[in-house]
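What's in work-v2.txt: compact mmCIF, C-alpha atoms
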# COMPACT_ATOMS: atom_id res chain seq x y z
CA MET C 244 56.95 -21.06 24.54
CA PHE C 245 60.69 -21.43 24.25
CA GLY C 246 62.42 -23.77 21.84
CA PHE C 247 65.95 -23.60 20.49
CA GLY C 248 64.49 -23.13 17.02
CA GLN C 249 63.48 -19.60 18.02
CA LEU C 250 67.04 -18.68 19.01
CA ILE C 251 68.44 -20.27 15.85
CA ASP C 252 65.98 -18.24 13.75
CA ILE C 253 67.26 -15.08 15.45
CA LEU C 254 70.87 -16.03 14.68
CA LYS C 255 70.10 -16.95 11.06
CA LYS C 256 68.95 -13.38 10.49
CA ASN C 257 72.13 -12.00 12.05
CA PRO C 258 74.87 -14.65 12.43
CA LYS C 259 77.40 -14.08 15.22
CA LYS C 260 81.00 -15.08 15.93
CA ILE C 261 81.62 -16.96 19.16
CA VAL C 262 85.00 -17.60 20.78
CA PHE C 263 85.73 -21.00 22.32
CA THR C 264 88.73 -20.62 24.61
CA GLU C 265 89.48 -24.36 24.74
CA GLY C 266 89.90 -25.11 21.07
CA GLU C 267 91.48 -28.55 21.47
CA ASP C 268 88.81 -29.99 23.77
CA PRO C 269 86.86 -32.80 22.01
CA ARG C 270 83.55 -31.49 23.39
CA ILE C 271 84.25 -28.05 21.91
CA LEU C 272 85.26 -29.60 18.59
CA GLU C 273 82.11 -31.73 18.40
CA ALA C 274 79.88 -28.74 19.18
CA SER C 275 81.80 -26.58 16.67
CA SER C 276 81.36 -29.21 13.96
CA ARG C 277 77.63 -29.20 14.57
CA LEU C 278 77.46 -25.40 14.59
CA LEU C 279 79.41 -25.16 11.34
CA ALA C 280 76.90 -27.49 9.69
CA GLY C 281 74.12 -25.09 10.74
CA THR C 282 75.71 -21.92 9.25
CA PHE C 283 74.05 -19.60 11.80
CA LEU C 284 76.99 -19.28 14.21
CA HIS C 285 80.68 -18.97 13.37
CA PRO C 286 83.10 -20.59 15.83
CA ILE C 287 86.51 -19.10 16.63
CA LEU C 288 88.77 -21.70 18.26
CA ILE C 289 91.67 -20.54 20.43
CA GLY C 290 94.82 -22.60 20.34
CA ASN C 291 97.58 -24.08 18.19
CA PRO C 292 96.15 -24.80 14.70
CA ASP C 293 98.11 -28.03 14.20
CA ARG C 294 97.05 -29.45 17.55
CA ILE C 295 93.43 -28.40 17.04
CA GLN C 296 93.29 -29.97 13.57
CA ALA C 297 94.95 -33.13 14.87
CA ALA C 298 92.49 -33.37 17.76
CA ALA C 299 89.55 -32.89 15.39
CA GLU C 300 90.82 -35.56 13.00
CA GLN C 301 91.50 -37.97 15.84
CA SER C 302 87.93 -37.56 17.11
CA GLY C 303 86.40 -37.55 13.63
CA PHE C 304 84.92 -34.03 13.71
CA ASN C 305 84.77 -31.83 10.63
CA ILE C 306 85.73 -28.28 11.65
CA ARG C 307 86.40 -27.02 8.12
CA GLY C 308 85.39 -23.36 8.06
CA ALA C 309 86.14 -22.67 11.71
CA GLU C 310 88.51 -19.80 12.41
CA ILE C 311 91.51 -20.84 14.49
CA ILE C 312 93.51 -18.13 16.28
CA ASP C 313 96.77 -18.89 18.06
CA PRO C 314 97.78 -16.43 20.81
CA ALA C 315 101.42 -17.33 20.10
CA ASN C 316 101.11 -16.21 16.48
CA TYR C 317 98.43 -13.51 16.26
CA ASP C 318 99.03 -10.74 13.72
CA ARG C 319 97.22 -8.14 15.87
CA MET C 320 99.00 -9.00 19.13
CA ASP C 321 100.80 -5.64 19.35
CA GLU C 322 97.47 -3.85 19.05
CA MET C 323 95.95 -6.18 21.65
CA VAL C 324 98.84 -5.58 24.06
CA ASP C 325 98.49 -1.80 23.72
CA LEU C 326 94.75 -1.94 24.39
CA PHE C 327 95.23 -4.32 27.32
CA CYS C 328 97.79 -1.99 28.91
CA GLU C 329 95.41 0.93 28.49
CA LEU C 330 92.53 -1.01 30.06
CA ARG C 331 94.72 -2.11 32.98
CA LYS C 332 96.80 1.07 33.35
CA SER C 333 95.60 1.54 36.93
CA LYS C 334 97.48 -1.68 37.74
CA GLY C 335 100.66 -0.50 36.00
CA ILE C 336 100.75 -3.47 33.62
CA THR C 337 103.80 -3.39 31.32
CA PRO C 338 103.71 -4.62 27.70
CA GLU C 339 105.88 -7.57 28.67
CA GLN C 340 103.49 -8.51 31.49
CA ALA C 341 100.54 -8.04 29.14
CA ARG C 342 101.99 -10.50 26.62
CA GLY C 343 102.36 -13.07 29.36
CA ILE C 344 98.78 -12.60 30.56
CA LEU C 345 97.44 -12.69 27.00
CA SER C 346 99.09 -16.02 26.33
CA ALA C 347 96.27 -17.49 28.46
CA ALA C 348 93.25 -18.35 26.31
CA ASN C 349 90.68 -16.89 28.72
CA TYR C 350 92.28 -13.43 28.62
CA PHE C 351 93.12 -13.65 24.92
CA GLY C 352 89.56 -14.68 24.03
CA THR C 353 88.05 -11.91 26.15
CA MET C 354 90.24 -9.37 24.36
CA LEU C 355 88.94 -10.64 21.00
CA ILE C 356 85.50 -9.55 22.23
CA LYS C 357 86.85 -6.18 23.35
CA MET C 358 88.49 -5.63 19.95
CA GLY C 359 85.29 -6.51 18.07
CA VAL C 360 86.75 -9.62 16.47
CA ALA C 361 84.02 -11.75 18.07
CA ASP C 362 80.55 -11.15 19.49
CA ALA C 363 80.43 -13.68 22.33
CA LEU C 364 82.60 -16.08 24.34
CA LEU C 365 82.08 -19.50 25.88
CA GLY C 366 84.71 -21.02 28.16
CA GLY C 367 85.25 -23.00 31.32
CA ALA C 368 85.12 -26.58 30.05
CA THR C 369 88.49 -27.12 31.73
CA TYR C 370 88.78 -24.21 34.18
CA SER C 371 86.79 -22.51 36.92
CA THR C 372 83.95 -20.00 36.74
CA ALA C 373 86.28 -17.45 38.37
CA ASP C 374 88.71 -17.80 35.46
CA THR C 375 85.89 -16.92 33.06
CA VAL C 376 84.42 -14.08 35.11
CA ARG C 377 87.68 -12.39 36.16
CA PRO C 378 88.86 -11.37 32.65
CA ALA C 379 85.31 -10.33 31.77
CA LEU C 380 85.08 -8.03 34.79
CA GLN C 381 88.53 -6.56 34.18
CA LEU C 382 88.20 -6.01 30.42
CA ILE C 383 84.54 -6.08 29.32
CA LYS C 384 83.16 -4.67 32.59
CA THR C 385 79.53 -4.39 33.68
CA LYS C 386 76.86 -2.56 31.72
CA PRO C 387 76.17 1.09 32.60
CA GLY C 388 74.06 1.19 35.74
CA ASN C 389 75.07 -2.31 36.82
CA THR C 390 77.33 -2.94 39.77
CA ILE C 391 77.62 -6.74 39.69
CA VAL C 392 77.77 -9.75 37.42
CA SER C 393 75.01 -12.18 38.27
CA SER C 394 73.58 -15.30 36.69
CA CYS C 395 70.43 -17.22 35.97
CA PHE C 396 69.42 -20.67 34.84
CA ILE C 397 66.68 -21.34 32.33
CA LEU C 398 64.71 -24.47 33.24
CA VAL C 399 62.83 -26.20 30.40
CA ARG C 400 60.50 -29.21 30.51
CA ALA C 401 58.21 -30.62 27.86
CA ALA C 402 54.57 -30.34 28.92
CA ALA C 403 51.71 -32.68 28.08
CA THR C 404 50.07 -29.89 26.08
CA GLY C 405 52.98 -29.88 23.63
CA ASP C 406 54.35 -26.53 24.80
CA ASN C 407 57.45 -26.33 26.96
CA GLU C 408 57.30 -25.20 30.57
CA VAL C 409 60.01 -22.55 30.94
CA PHE C 410 61.21 -20.85 34.12
CA ALA C 411 64.07 -18.50 35.01
CA MET C 412 65.98 -18.75 38.30
CA GLY C 413 68.55 -16.28 39.64
CA ASP C 414 71.14 -16.01 41.08
CA CYS C 415 72.21 -19.64 41.44
CA ALA C 416 75.93 -19.45 40.67
CA ILE C 417 77.75 -16.15 41.27
CA ASN C 418 76.72 -13.97 44.23
CA ILE C 419 76.96 -15.81 47.54
CA HIS C 420 75.09 -13.41 49.83
CA PRO C 421 73.54 -10.67 47.66
CA THR C 422 72.42 -7.45 49.35
CA GLU C 423 68.97 -5.94 48.89
CA ASP C 424 70.21 -3.67 46.10
CA GLU C 425 72.07 -6.53 44.41
CA LEU C 426 68.90 -8.63 44.52
CA VAL C 427 67.08 -5.79 42.74
CA GLU C 428 69.72 -5.84 40.00
CA ILE C 429 69.56 -9.64 39.80
CA ALA C 430 65.77 -9.47 39.40
CA GLY C 431 65.95 -6.95 36.57
CA GLU C 432 68.63 -8.88 34.69
CA THR C 433 66.92 -12.24 35.21
CA ALA C 434 63.60 -10.86 33.95
CA ALA C 435 65.30 -9.40 30.86
CA CYS C 436 66.98 -12.74 30.17
CA ALA C 437 63.68 -14.56 30.68
CA LYS C 438 62.07 -12.50 27.90
CA ILE C 439 64.67 -13.75 25.40
CA PHE C 440 63.41 -17.26 26.12
CA GLY C 441 59.78 -16.41 25.52
CA ILE C 442 58.87 -15.94 29.19
CA ASP C 443 56.51 -13.09 30.12
CA PRO C 444 58.17 -12.56 33.50
CA LYS C 445 56.15 -12.82 36.68
CA VAL C 446 58.83 -12.29 39.30
CA ALA C 447 58.71 -13.85 42.77
CA PHE C 448 61.17 -12.92 45.53
CA LEU C 449 61.38 -16.22 47.38
CA SER C 450 61.56 -16.75 51.14
CA TYR C 451 60.39 -19.03 53.93
CA SER C 452 57.70 -16.40 54.54
CA THR C 453 54.73 -15.23 52.48
CA LEU C 454 53.91 -11.54 52.84
CA GLY C 455 54.77 -11.33 56.51
CA SER C 456 53.83 -14.84 57.70
CA GLY C 457 57.39 -15.36 58.96
CA LYS C 458 59.89 -13.12 60.71
CA GLY C 459 63.63 -12.59 60.54
CA GLU C 460 66.44 -10.68 58.84
CA ASP C 461 66.31 -12.89 55.74
CA VAL C 462 62.59 -12.23 55.36
CA ASP C 463 63.13 -8.48 55.76
CA LYS C 464 65.86 -8.57 53.11
CA MET C 465 63.61 -10.20 50.50
CA ARG C 466 60.62 -7.99 51.36
CA ASN C 467 62.70 -4.82 51.13
CA ALA C 468 64.40 -5.95 47.92
CA CYS C 469 61.01 -6.72 46.39
CA HIS C 470 59.72 -3.27 47.31
CA LYS C 471 62.77 -1.63 45.72
CA ALA C 472 62.42 -3.78 42.60
CA LYS C 473 58.78 -2.74 42.16
CA GLU C 474 59.87 0.89 42.29
CA LYS C 475 62.76 0.39 39.86
CA TYR C 476 60.88 -1.81 37.37
CA PRO C 477 57.26 -0.61 37.42
CA GLU C 478 56.64 -2.31 34.07
CA LEU C 479 57.27 -5.77 35.59
CA LEU C 480 54.90 -7.93 37.61
CA ILE C 481 56.80 -8.50 40.88
CA ASP C 482 55.75 -9.74 44.30
CA GLY C 483 57.31 -10.99 47.50
CA GLU C 484 58.34 -12.17 49.81
CA LEU C 485 56.69 -15.46 48.75
CA GLN C 486 57.13 -19.07 49.73
CA PHE C 487 57.67 -21.29 46.72
CA ASP C 488 54.32 -23.04 47.04
CA ALA C 489 52.52 -19.70 47.10
CA ALA C 490 54.53 -18.57 44.10
CA VAL C 491 53.60 -21.50 41.85
CA SER C 492 50.35 -23.03 43.15
CA PRO C 493 47.12 -21.12 42.39
CA ARG C 494 45.36 -23.08 45.15
CA VAL C 495 47.93 -22.14 47.78
CA ALA C 496 48.07 -18.56 46.50
CA ARG C 497 44.30 -18.16 46.92
CA THR C 498 44.74 -19.00 50.61
CA LYS C 499 47.99 -17.19 51.42
CA CYS C 500 47.91 -14.12 49.16
CA PRO C 501 44.66 -13.87 47.18
CA ASP C 502 45.29 -10.32 45.97
CA SER C 503 48.69 -11.02 44.40
CA LYS C 504 49.03 -10.72 40.61
CA VAL C 505 52.11 -12.96 40.68
CA ALA C 506 51.43 -15.63 43.29
CA GLY C 507 50.31 -18.94 41.83
CA TYR C 508 51.70 -18.11 38.41
CA ALA C 509 55.30 -16.99 39.01
CA ASN C 510 57.82 -18.05 36.37
CA THR C 511 60.88 -15.98 37.31
CA PHE C 512 62.32 -16.77 40.73
CA ILE C 513 64.76 -14.66 42.75
CA PHE C 514 66.52 -16.61 45.49
CA PRO C 515 67.81 -15.02 48.71
CA ASP C 516 71.32 -16.46 48.33
CA ILE C 517 73.45 -18.89 46.36
CA ASN C 518 72.70 -21.76 48.74
CA ALA C 519 68.98 -21.61 48.06
CA GLY C 520 69.44 -20.91 44.36
CA ASN C 521 71.91 -23.69 43.65
CA ILE C 522 69.88 -26.22 45.61
CA GLY C 523 66.63 -25.04 44.05
CA TYR C 524 67.59 -25.33 40.40
CA LYS C 525 69.24 -28.71 40.97
CA ILE C 526 66.11 -30.09 42.65
CA ALA C 527 64.10 -28.98 39.61
CA GLN C 528 66.68 -30.51 37.28
CA ARG C 529 67.13 -33.85 39.04
CA LEU C 530 63.69 -34.53 40.52
CA GLY C 531 61.50 -32.44 38.22
CA ASN C 532 63.14 -33.62 34.98
CA PHE C 533 63.84 -30.10 33.80
CA GLU C 534 66.67 -29.34 31.41
CA ALA C 535 68.83 -26.66 33.07
CA TYR C 536 70.64 -24.20 30.80
CA GLY C 537 73.27 -22.06 32.46
CA PRO C 538 74.68 -20.42 34.36
CA ILE C 539 73.94 -17.57 31.99
CA LEU C 540 76.07 -14.63 33.09
CA LEU C 541 74.17 -11.35 33.35
CA GLY C 542 75.17 -7.71 33.65
CA LEU C 543 78.24 -7.68 31.39
CA ASN C 544 78.77 -5.41 28.39
CA ALA C 545 79.05 -8.47 26.14
CA PRO C 546 77.74 -12.04 26.32
CA ILE C 547 80.32 -14.25 28.03
CA ASN C 548 79.30 -17.55 29.54
CA ASP C 549 80.78 -20.30 31.64
CA LEU C 550 80.60 -24.03 30.99
CA SER C 551 80.56 -26.70 33.65
CA ARG C 552 83.73 -28.76 33.67
CA GLY C 553 81.45 -31.81 33.53
CA CYS C 554 79.63 -30.58 30.42
CA ASN C 555 79.09 -32.68 27.31
CA ALA C 556 79.13 -31.62 23.66
CA ALA C 557 75.35 -31.21 23.52
CA GLU C 558 75.50 -28.76 26.42
CA VAL C 559 78.32 -26.84 24.72
CA TYR C 560 76.20 -26.60 21.58
CA SER C 561 73.15 -25.38 23.50
CA MET C 562 75.11 -22.84 25.55
CA ALA C 563 76.81 -21.52 22.40
CA ILE C 564 73.41 -20.78 20.86
CA ILE C 565 72.15 -19.16 24.07
CA THR C 566 75.31 -17.06 24.48
CA ALA C 567 75.28 -15.83 20.89
CA ALA C 568 71.56 -15.06 21.01
CA LEU C 569 72.22 -12.74 23.97
CA ALA C 570 74.34 -10.63 21.62

Could you rewrite the structure in this file as structure tokens?
Amino acid sequence: MFGFGQLIDILKKNPKKIVFTEGEDPRILEASSRLLAGTFLHPILIGNPDRIQAAAEQSGFNIRGAEIIDPANYDRMDEMVDLFCELRKSKGITPEQARGILSAANYFGTMLIKMGVADALLGGATYSTADTVRPALQLIKTKPGNTIVSSCFILVRAAATGDNEVFAMGDCAINIHPTEDELVEIAGETAACAKIFGIDPKVAFLSYSTLGSGKGEDVDKMRNACHKAKEKYPELLIDGELQFDAAVSPRVARTKCPDSKVAGYANTFIFPDINAGNIGYKIAQRLGNFEAYGPILLGLNAPINDLSRGCNAAEVYSMAIITAALA
């Protein structure tokens, strides 16, 4: 089962470069110092070098070896401006406007990904999820065949057996009221992400109904989405609509849906909307003593992830490893 050692082993074989858009933030500096000591992930800090070095010294963090890039003094800025104008030509962006936009670290960092300078990006310690996702959608765009950016959380808890219990939950952070087709896409992306964390996905489309026990538009949406997902991903074990108890309890599953290959043993959960998803993962985190890693953004052409503004340095460190491993 999942442990961060597995992801670190992956990165040691093929180290990646990760952009931190808030290079002066003490939490970013502490995480970068720890990453630099590990030698499996190379931080790129965005910001003024003097201020970043001063902030690191003031906080007592050794960031020697980190690459610091200042948008105000970047030797490839002309090239970046030209590419940005090309990417945004439908909006009629002028070079002068582009330089103004690229002075913002979230856009500048995203363009470093687009130009191949870095492999991954982690931001949002001081700004909103929208300010992380917007540049990614405009510049990196979604993967071929994908229509949306979605997200999942990985929930991890130490078990008495010594192995970790690991679950994937989507979408708990991005899409407010996903359609049937968007739920299908969310399921496929969440299952793919789950595999990176050692989960053999058994996917449950969650509802207040189990295989027709309840009625209503929301039940129909999850049932129809589940049917479409089975057709699109025949290699995955998928079932629904399922109530949560039927999804995770073998005893309940034997009563409510004895023929299901997923019920009772589900480990990858697809929620009907952001309300249910956000509440669900936080209940697991706060009352079930699970560690919650995410939101992990899914569906983009490159790994870009968003930090909570209330994050600590340990969470930055963990999310940096997760984000880079997705590359």

Asn407 in chain C surroundings by all atoms listed in the file, 12 Å radius, close-in-sequence under 3 positions cut, as a list of chain:residue names
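Listing them by chain and then by number gives C:Met244, C:Phe245, C:Gly246, C:Phe247, C:Ile397, C:Leu398, C:Val399, C:Arg400, C:Ala401, C:Ala402, C:Ala403, C:Thr404, C:Phe410, C:Phe440, C:Gly441, C:Ile442, C:Phe533, C:Glu534.
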
For a quick check of your reading of the model, name the residues lying within 10 Å of the coordinate (66.4, -14.2, 39.7), counting only C-alpha atoms, and write them as number ranges by chain.
C: 393-396, 411-415, 426-434, 436-437, 446-449, 510-515, 520

Using all atoms listed in the file, which of the listed residues (C:Val360, C:Leu330, C:Ala347, C:Ile383) sits closest to Leu543 in chain C?
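Among the listed residues, the smallest separation from Leu543 in chain C belongs to C:Ile383.
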
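Using only C-alpha atoms, the smallest distance between any of C:Ile481, C:Ala556, C:Ile517, C:Ile522 and Val505 in chain C comes from C:Ile481.
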
Using all atoms listed in the file, find the one residue out of C:Ala361, C:Ile336, C:Gly343, C:Val262 that sits nearest to Met320 in chain C.
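Ranked by minimum distance to Met320 in chain C, first place goes to C:Gly343.
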
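Ranking C:Ile526, C:Ile439, C:Ala379, C:Ala490 by their shortest atom-to-atom distance to Tyr451 in chain C, with all atoms listed in the file included, puts C:Ala490 first.
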
Per-residue nearest contacts range 306-403 of chain C to range 566-570 of chain C, cut-off 12 Å, using only C-alpha atoms, as CSV:
residue,atom,partner,partner_atom,distance
C:Ile356,CA,C:Ala570,CA,11.2
C:Ala361,CA,C:Ala567,CA,10.0
C:Asp362,CA,C:Ala570,CA,6.6
C:Ala363,CA,C:Ala567,CA,5.8
C:Leu364,CA,C:Thr566,CA,7.4
C:Leu365,CA,C:Thr566,CA,7.3
C:Gly366,CA,C:Thr566,CA,10.8

As a ChimeraX atom specification, please: the residues near Lys255 in chain C (cut-off 10 Å, only C-alpha atoms, same-chain neighbours under 2 positions excluded).
/C:249-253,257-259,281-284

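Distance-wise, CA of Phe327 in chain C and CA of Asn291 in chain C end up 21.9 Å apart.
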
Nearby residues, (86.6, -20.6, 8.9) file frame, 10 Å, all atoms listed in the file, as a list of chain:residue names:
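Counting all atoms listed in the file, I find these residues within 10 Å of (86.6, -20.6, 8.9): C:Leu279, C:His285, C:Pro286, C:Ile287, C:Leu288, C:Ile306, C:Arg307, C:Gly308, C:Ala309, C:Glu310, C:Ile311.
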
One number please: CA of Pro314 in chain C to CA of Gly266 in chain C, in Å, one decimal.
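CA of Gly266 in chain C lies 11.7 Å from CA of Pro314 in chain C.
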
Atomic separation - CA of Val409 in chain C relative to CA of Ala274 in chain C, Å
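Computed distance, CA of Ala274 in chain C to CA of Val409 in chain C, equals 23.9 Å.
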
Starting from the incomplete input, reconstruct all heavy atoms of range 310-321 of chain C and write that as an mmCIF file, in the frame of the given file.
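The file below, out_4.cif, is the result:
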data_model
loop_
_atom_site.group_PDB
_atom_site.id
_atom_site.type_symbol
_atom_site.label_atom_id
_atom_site.label_comp_id
_atom_site.auth_asym_id
_atom_site.auth_seq_id
_atom_site.Cartn_x
_atom_site.Cartn_y
_atom_site.Cartn_z
ATOM 1 N N GLU C 310 87.333 -20.660 12.312
ATOM 2 C CA GLU C 310 88.510 -19.800 12.410
ATOM 3 C C GLU C 310 89.326 -20.231 13.625
ATOM 4 O O GLU C 310 88.775 -20.418 14.710
ATOM 5 C CB GLU C 310 88.071 -18.340 12.552
ATOM 6 C CG GLU C 310 89.207 -17.334 12.503
ATOM 7 C CD GLU C 310 88.725 -15.893 12.526
ATOM 8 O OE1 GLU C 310 87.497 -15.667 12.498
ATOM 9 O OE2 GLU C 310 89.585 -14.994 12.575
ATOM 10 N N ILE C 311 90.617 -20.438 13.402
ATOM 11 C CA ILE C 311 91.510 -20.840 14.490
ATOM 12 C C ILE C 311 92.509 -19.709 14.716
ATOM 13 O O ILE C 311 93.184 -19.277 13.775
ATOM 14 C CB ILE C 311 92.245 -22.152 14.170
ATOM 15 C CG1 ILE C 311 91.234 -23.283 13.936
ATOM 16 C CG2 ILE C 311 93.197 -22.518 15.305
ATOM 17 C CD1 ILE C 311 91.863 -24.577 13.466
ATOM 18 N N ILE C 312 92.590 -19.225 15.956
ATOM 19 C CA ILE C 312 93.510 -18.130 16.280
ATOM 20 C C ILE C 312 94.446 -18.596 17.385
ATOM 21 O O ILE C 312 94.002 -19.046 18.449
ATOM 22 C CB ILE C 312 92.754 -16.856 16.716
ATOM 23 C CG1 ILE C 312 91.786 -16.399 15.615
ATOM 24 C CG2 ILE C 312 93.742 -15.742 17.041
ATOM 25 C CD1 ILE C 312 91.004 -15.137 15.965
ATOM 26 N N ASP C 313 95.735 -18.460 17.127
ATOM 27 C CA ASP C 313 96.770 -18.890 18.060
ATOM 28 C C ASP C 313 97.343 -17.666 18.774
ATOM 29 O O ASP C 313 97.922 -16.785 18.124
ATOM 30 C CB ASP C 313 97.873 -19.614 17.291
ATOM 31 C CG ASP C 313 98.921 -20.238 18.204
ATOM 32 O OD1 ASP C 313 98.847 -20.020 19.432
ATOM 33 O OD2 ASP C 313 99.805 -20.936 17.678
ATOM 34 N N PRO C 314 97.202 -17.576 20.091
ATOM 35 C CA PRO C 314 97.780 -16.430 20.810
ATOM 36 C C PRO C 314 99.283 -16.276 20.583
ATOM 37 O O PRO C 314 99.809 -15.161 20.639
ATOM 38 C CB PRO C 314 97.484 -16.740 22.282
ATOM 39 C CG PRO C 314 96.308 -17.656 22.251
ATOM 40 C CD PRO C 314 96.467 -18.476 21.003
ATOM 41 N N ALA C 315 99.963 -17.377 20.303
ATOM 42 C CA ALA C 315 101.420 -17.330 20.100
ATOM 43 C C ALA C 315 101.795 -16.795 18.727
ATOM 44 O O ALA C 315 102.970 -16.502 18.477
ATOM 45 C CB ALA C 315 102.012 -18.733 20.280
ATOM 46 N N ASN C 316 100.805 -16.641 17.843
ATOM 47 C CA ASN C 316 101.110 -16.210 16.480
ATOM 48 C C ASN C 316 99.942 -15.397 15.919
ATOM 49 O O ASN C 316 99.384 -15.715 14.868
ATOM 50 C CB ASN C 316 101.398 -17.433 15.600
ATOM 51 C CG ASN C 316 101.917 -17.048 14.217
ATOM 52 O OD1 ASN C 316 102.553 -16.008 14.053
ATOM 53 N ND2 ASN C 316 101.622 -17.881 13.238
ATOM 54 N N TYR C 317 99.578 -14.327 16.648
ATOM 55 C CA TYR C 317 98.430 -13.510 16.260
ATOM 56 C C TYR C 317 98.931 -12.204 15.656
ATOM 57 O O TYR C 317 99.703 -11.475 16.288
ATOM 58 C CB TYR C 317 97.554 -13.229 17.475
ATOM 59 C CG TYR C 317 96.281 -12.472 17.172
ATOM 60 C CD1 TYR C 317 95.468 -12.827 16.098
ATOM 61 C CD2 TYR C 317 95.881 -11.393 17.960
ATOM 62 C CE1 TYR C 317 94.294 -12.149 15.820
ATOM 63 C CE2 TYR C 317 94.705 -10.701 17.698
ATOM 64 C CZ TYR C 317 93.923 -11.083 16.620
ATOM 65 O OH TYR C 317 92.762 -10.399 16.352
ATOM 66 N N ASP C 318 98.479 -11.898 14.447
ATOM 67 C CA ASP C 318 99.030 -10.740 13.720
ATOM 68 C C ASP C 318 98.619 -9.401 14.323
ATOM 69 O O ASP C 318 99.201 -8.362 13.986
ATOM 70 C CB ASP C 318 98.661 -10.810 12.235
ATOM 71 C CG ASP C 318 97.157 -10.863 11.984
ATOM 72 O OD1 ASP C 318 96.381 -10.766 12.955
ATOM 73 O OD2 ASP C 318 96.760 -10.996 10.805
ATOM 74 N N ARG C 319 97.637 -9.391 15.234
ATOM 75 C CA ARG C 319 97.220 -8.140 15.870
ATOM 76 C C ARG C 319 97.625 -8.103 17.347
ATOM 77 O O ARG C 319 97.060 -7.340 18.130
ATOM 78 C CB ARG C 319 95.707 -7.951 15.738
ATOM 79 C CG ARG C 319 95.222 -7.773 14.304
ATOM 80 C CD ARG C 319 93.707 -7.619 14.226
ATOM 81 N NE ARG C 319 93.240 -6.409 14.903
ATOM 82 C CZ ARG C 319 91.949 -6.097 15.063
ATOM 83 N NH1 ARG C 319 91.014 -6.918 14.598
ATOM 84 N NH2 ARG C 319 91.598 -4.982 15.691
ATOM 85 N N MET C 320 98.612 -8.918 17.714
ATOM 86 C CA MET C 320 99.000 -9.000 19.130
ATOM 87 C C MET C 320 99.524 -7.672 19.659
ATOM 88 O O MET C 320 99.212 -7.289 20.798
ATOM 89 C CB MET C 320 100.032 -10.098 19.337
ATOM 90 C CG MET C 320 100.449 -10.285 20.803
ATOM 91 S SD MET C 320 99.058 -10.590 21.944
ATOM 92 C CE MET C 320 98.870 -12.369 21.785
ATOM 93 N N ASP C 321 100.290 -6.931 18.873
ATOM 94 C CA ASP C 321 100.800 -5.640 19.350
ATOM 95 C C ASP C 321 99.646 -4.698 19.685
ATOM 96 O O ASP C 321 99.671 -4.007 20.707
ATOM 97 C CB ASP C 321 101.720 -4.998 18.302
ATOM 98 C CG ASP C 321 103.053 -5.719 18.156
ATOM 99 O OD1 ASP C 321 103.390 -6.520 19.060
ATOM 100 O OD2 ASP C 321 103.743 -5.497 17.145
#
